[in-house]
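Some notes on the structure that comes next.
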Amino acid sequence: MSVSVACCCFSFLNAPARLLQSSSSPLCFVAASTLTPRASSSSKLNPEKKKKKYTLRVRDEHSSNDGPQTMAFKSPFGSSQQKKDKKESQPTTDLRTDPAKIHDASFLDAVVKVYCTHTAPDYSLPWQKQRQFTSTGSAFMIGDGKLLTNAHCVEHDTQVKVKRRGDDRKYVAKVLVRGVDCDIALLSVESEDFWKGAEPLRLGHLPRLQDSVTVVGYPLGGDTISVTKGVVSRIEVTSYAHGSSDLLGIQIDAAINPGNSGGPAFNDQGECIGVAFQVYRSEETENIGYVIPTTVVSHFLTDYERNAKYTGYPCLGVLLQKLENPALRECLKVPTNEGVLVRRVEPTSDASKVLKEGDVIVSFDDLRVGCEGTVPFRSSERIAFRYLISQKFAGDIVELGIIRAGEPKKVQVVLRPRVHLVPYHIDGGQPSYIIIAGLVFTPLSEPLIEEECEDTIGLKLLTKARYSVARFRGEQIVILSQASHNDVLFPCAFWRMFWQMK
């Protein structure tokens with residue numbers, strides 16, 4: 001049985017159509033096309049630019065109350081007051097009363113097609129880049145000249161262009177920021193012509209099970225906009241293929257195909273409830289697609305507003321084990337049917353100062369943690385304990401209730417982003433390297449393991465890369481990537497290394 005999680009970004013190369021699969025990176029479809037080299041364009045964030053602020057309200061229903069709560073946050077991407085007044089004066093499209101209105105709904109005009117030229121680095125030869133390729137995806141308007149899409153749609157971008165529905169012109173876009181772990185990217189378009197008559201989308205609340213959902217985008221199979229419809233099948237903490245992270249995700253049965261990535265998913269009221277980003281493929285399953293919910297989107301935008309950059313999701317920095325076994329709970333002197341066992345504490349985390357192996361975490365900010373590692377979610381559901389951590393920001397302080405040797409305690413922990421010994425993505429895009437006497441040394445990374453294939457890396461090195469943790473910030477595993485085939489350089493290089501080790 002083959003199982004894969006695929007990001008839905010449609011790519012083009014000068015090669016026959018095929019499906020690429022890897023254990024550490026998402027799948028992508030590749031089709032035959034003529035490649036035209038394009039000039040590189042860079043983008044920089046200007047934090048000194050005066051930001052426009054407005055209050056964007058996202059109704060969140062993860063509380064224990066029966067009714068939805070309203071969560072407000074400020075965003076630097078607000079529209080003007082005139083647009084707001086104009087938006088309020090327009091009637092809301094309700095697809096439940098008239099499904100035919102989907103063809104004329106104004107929110108479809110906020111969905112655009114993304115054309116990206118990618119130039120990925122060559123991790124085996126880190127001083128050069130790989131061959132260029134192009135891909136198409138989807139994006140949508142959120143106001144003030146900004147677009148939202150998936151991070152994997154504009155990864156290693158050389159040039160990004162966007163095209164509106166019903167328009168034959170392509171406009172140059174800049175990538176302002178990428179959130180790799182949440183697979184979200186923010187784009188800007190400076191052309192005023194692009195924004196004429198445009199209305200940003202409204203973010204809706206977290207849906208309920210069996211709620212109707214409509215996915216809009218530009219998948220393969222045609223050039224015009226595509227609309228597919230389904231229902232919400234499941235809401236839980238999901239593995240994000242691109243960022244190798246676990247965040248809240250919405251599972252739907254509406255068709256999501258290559259090219260749908262970055263496109264919005266709507267509820268019956270025409271509100272955006274999330275961003276389509278990946279599918280689950282297996283011989284035993286069908287119609288399993290995933291949407292990034294608006295709670296994750298709002299976390300991304302708030303993080304960017306606070307820090308003028310994206311800092312990422314924090315972590316607790318511990319390895320946890322469920323306590324379903326009554327004998328184990330009795331051995332650890334846990335009186336109730338709750339709590340998770342701390343198996344390992346990462347030395348680079350702030351938790352290493354207050355937590356120890358063998359501690360049992362029974363509460364998180366006064367919310368009780370079950371023996372299966374779950375916590376209450378909304379009115380009558382439960383969700384993985386990691387969900388509570390994902391609601392925090394880097395630098396936030398949380399209070400943990402623990403049991404240590406049978407004694408209850410309260411400790412405080414500062415949440416920080418995880419320090420990876422072997423990073424999943426390279427900051428800045430280009431890997432670092434050093435050449436000594438014809439020998440090329442470069443840090444080990446997941447893209448390098450993927451490029452070299454796991455079988456050629458070696459079992460010991462692969463085991464260390466998969467299961468070891470960093471002992472201090474900045475620690476790296478450095479490998480010999482290339483060696484010059486020269487009878488003179490080889491002896492000199494090894495003698496020099498020998499004397500340096502002495």
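Each chain in the structure tokens gets a letter, A, B, ..., in the order shown, and its residues are numbered from 1; ligands are numbered from 1 in order too.
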Picked from stretch 218-413 of chain A by DSSP as helix (DSSP H, G or I), as a list in words: Thr294, Thr295, Val296, Val297, Ser298, His299, Phe300, Leu301, Thr302, Asp303, Tyr304, Glu305, Arg306, Asn307, Pro326, Ala327, Leu328, Arg329, Glu330, Cys331, Asp350, Ala351, Ser352, Lys353, Arg386, Tyr387, Leu388, Ile389 and Ser390 of chain A
Within 10 Å of A:Leu108, counting only C-alpha atoms, which residues show up once you throw out same-chain ones fewer than 5 positions away? Write them as a list in words, please.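 My list of contacting residues is Ile102, His103, Phe140, Arg164, Arg165, Glu199, Leu201, Val216, Gly217, Ile225, Ser226, Val227, Pro264 and Gly270 of chain A.
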Those selected residues, please, written with N, CA, C and O atoms and delivered as a tab-separated table (two decimals), in the first residue's frame.
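Printed below is selection-v2.tsv as written:
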```
chain	number	residue	atom	x	y	z
A	102	ILE	N	-23.47	31.33	-7.22
A	102	ILE	CA	-22.04	31.08	-7.16
A	102	ILE	C	-21.35	31.57	-8.43
A	102	ILE	O	-20.20	31.99	-8.41
A	103	HIS	N	-22.07	31.55	-9.58
A	103	HIS	CA	-21.46	31.96	-10.84
A	103	HIS	C	-21.27	33.47	-10.90
A	103	HIS	O	-20.37	33.96	-11.58
A	140	PHE	N	-5.79	34.70	-3.06
A	140	PHE	CA	-6.98	35.52	-2.93
A	140	PHE	C	-6.65	36.81	-2.18
A	140	PHE	O	-5.67	36.89	-1.44
A	164	ARG	N	-6.02	38.18	-12.63
A	164	ARG	CA	-7.37	38.19	-12.11
A	164	ARG	C	-8.32	37.45	-13.04
A	164	ARG	O	-8.04	37.24	-14.22
A	165	ARG	N	-9.44	37.07	-12.48
A	165	ARG	CA	-10.49	36.41	-13.25
A	165	ARG	C	-11.04	37.37	-14.30
A	165	ARG	O	-11.37	38.52	-14.01
A	199	GLU	N	-12.64	43.58	-4.22
A	199	GLU	CA	-13.14	43.54	-2.86
A	199	GLU	C	-12.46	42.38	-2.12
A	199	GLU	O	-12.48	41.24	-2.60
A	201	LEU	N	-11.76	39.38	0.61
A	201	LEU	CA	-12.64	38.36	1.17
A	201	LEU	C	-12.83	38.56	2.67
A	201	LEU	O	-11.98	39.14	3.35
A	216	VAL	N	-12.48	27.09	-4.36
A	216	VAL	CA	-12.33	27.87	-5.59
A	216	VAL	C	-10.84	28.03	-5.90
A	216	VAL	O	-10.04	28.31	-4.99
A	217	GLY	N	-10.48	27.86	-7.15
A	217	GLY	CA	-9.08	28.01	-7.54
A	217	GLY	C	-8.88	27.78	-9.01
A	217	GLY	O	-9.83	27.78	-9.81
A	225	ILE	N	-11.41	29.69	-13.89
A	225	ILE	CA	-11.60	29.39	-12.48
A	225	ILE	C	-12.44	28.12	-12.31
A	225	ILE	O	-13.29	27.81	-13.15
A	226	SER	N	-12.14	27.37	-11.26
A	226	SER	CA	-12.81	26.11	-10.99
A	226	SER	C	-13.48	26.16	-9.62
A	226	SER	O	-12.91	26.70	-8.67
A	227	VAL	N	-14.66	25.58	-9.53
A	227	VAL	CA	-15.43	25.55	-8.28
A	227	VAL	C	-15.83	24.11	-8.00
A	227	VAL	O	-16.45	23.46	-8.84
A	264	PRO	N	-9.08	29.84	-1.83
A	264	PRO	CA	-9.93	29.86	-0.64
A	264	PRO	C	-11.00	28.78	-0.65
A	264	PRO	O	-11.37	28.26	-1.71
A	270	GLY	N	-20.64	32.69	1.85
A	270	GLY	CA	-19.63	33.37	1.05
A	270	GLY	C	-18.44	33.84	1.85
A	270	GLY	O	-17.65	34.65	1.36
```
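Of the residues under consideration (A:Thr214, A:Ser244, A:Ser484, A:Thr456), A:Thr214 shows the shortest atom-to-atom contact distance to A:Gln269 when counting only C-alpha atoms.
Taking atom CA of A:Thr336 as the reference point, atom CA of A:Pro314 is found at 28.9 Å.
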Give the strand (DSSP E) residues of stretch 226-461 of chain A, as assigned by DSSP on the backbone, as a PyMOL selection string. chain A and resi 226-240+245-252+264-266+272-282+289-293+318-322+340-345+360-364+367-368+374-377+381-384+397-404+407-414+434-436+439-443
Between atom CA of A:Leu444 and atom CA of A:Gln430 - distance in Å to one decimal: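 So the two atoms, atom CA of A:Gln430 and atom CA of A:Leu444, lie 13.0 Å apart.
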Figure out the distance between atom CA of A:Tyr313 and atom CA of A:Lys409, please, to one decimal in Å. 26.5 Å
Residues near A:Thr442, cut-off 10 Å, only C-alpha atoms, skip fewer than 3 positions along chain, as a list of chain:residue names: A:Tyr123, A:Ser124, A:Leu125, A:Pro126, A:Pro431, A:Ser432, A:Tyr433, A:Ile434, A:Ile435, A:Ser445, A:Leu448, A:Gln476, A:Ile477, A:Val478, A:Ile479, A:Leu480, A:Ser481, A:Gln482
May I have the residues within 7 Å of A:Gln132 as a ChimeraX atom specification, using only C-alpha atoms and disregarding those fewer than 3 positions away in the same chain? /A:117-119
Taking 3 positions as the minimum chain separation for residues in the same chain, which residues sit within 6 Å of stretch 180-191 of chain A when counting only C-alpha atoms? Answer as a VMD selection string. chain A and resid 145 to 151 173 to 177 194 243 245
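Between A:Ser352 and the residues A:Leu220, A:Leu316, A:Met141, A:Val111, the shortest atom-to-atom distance, using only C-alpha atoms, involves A:Leu316.
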Between A:Ala384, A:Asp246, A:Lys196, A:Trp127, single out the one closest to A:Phe441, counting only C-alpha atoms.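 Looking only at the distances to A:Phe441, the closest residue turns out to be A:Trp127.
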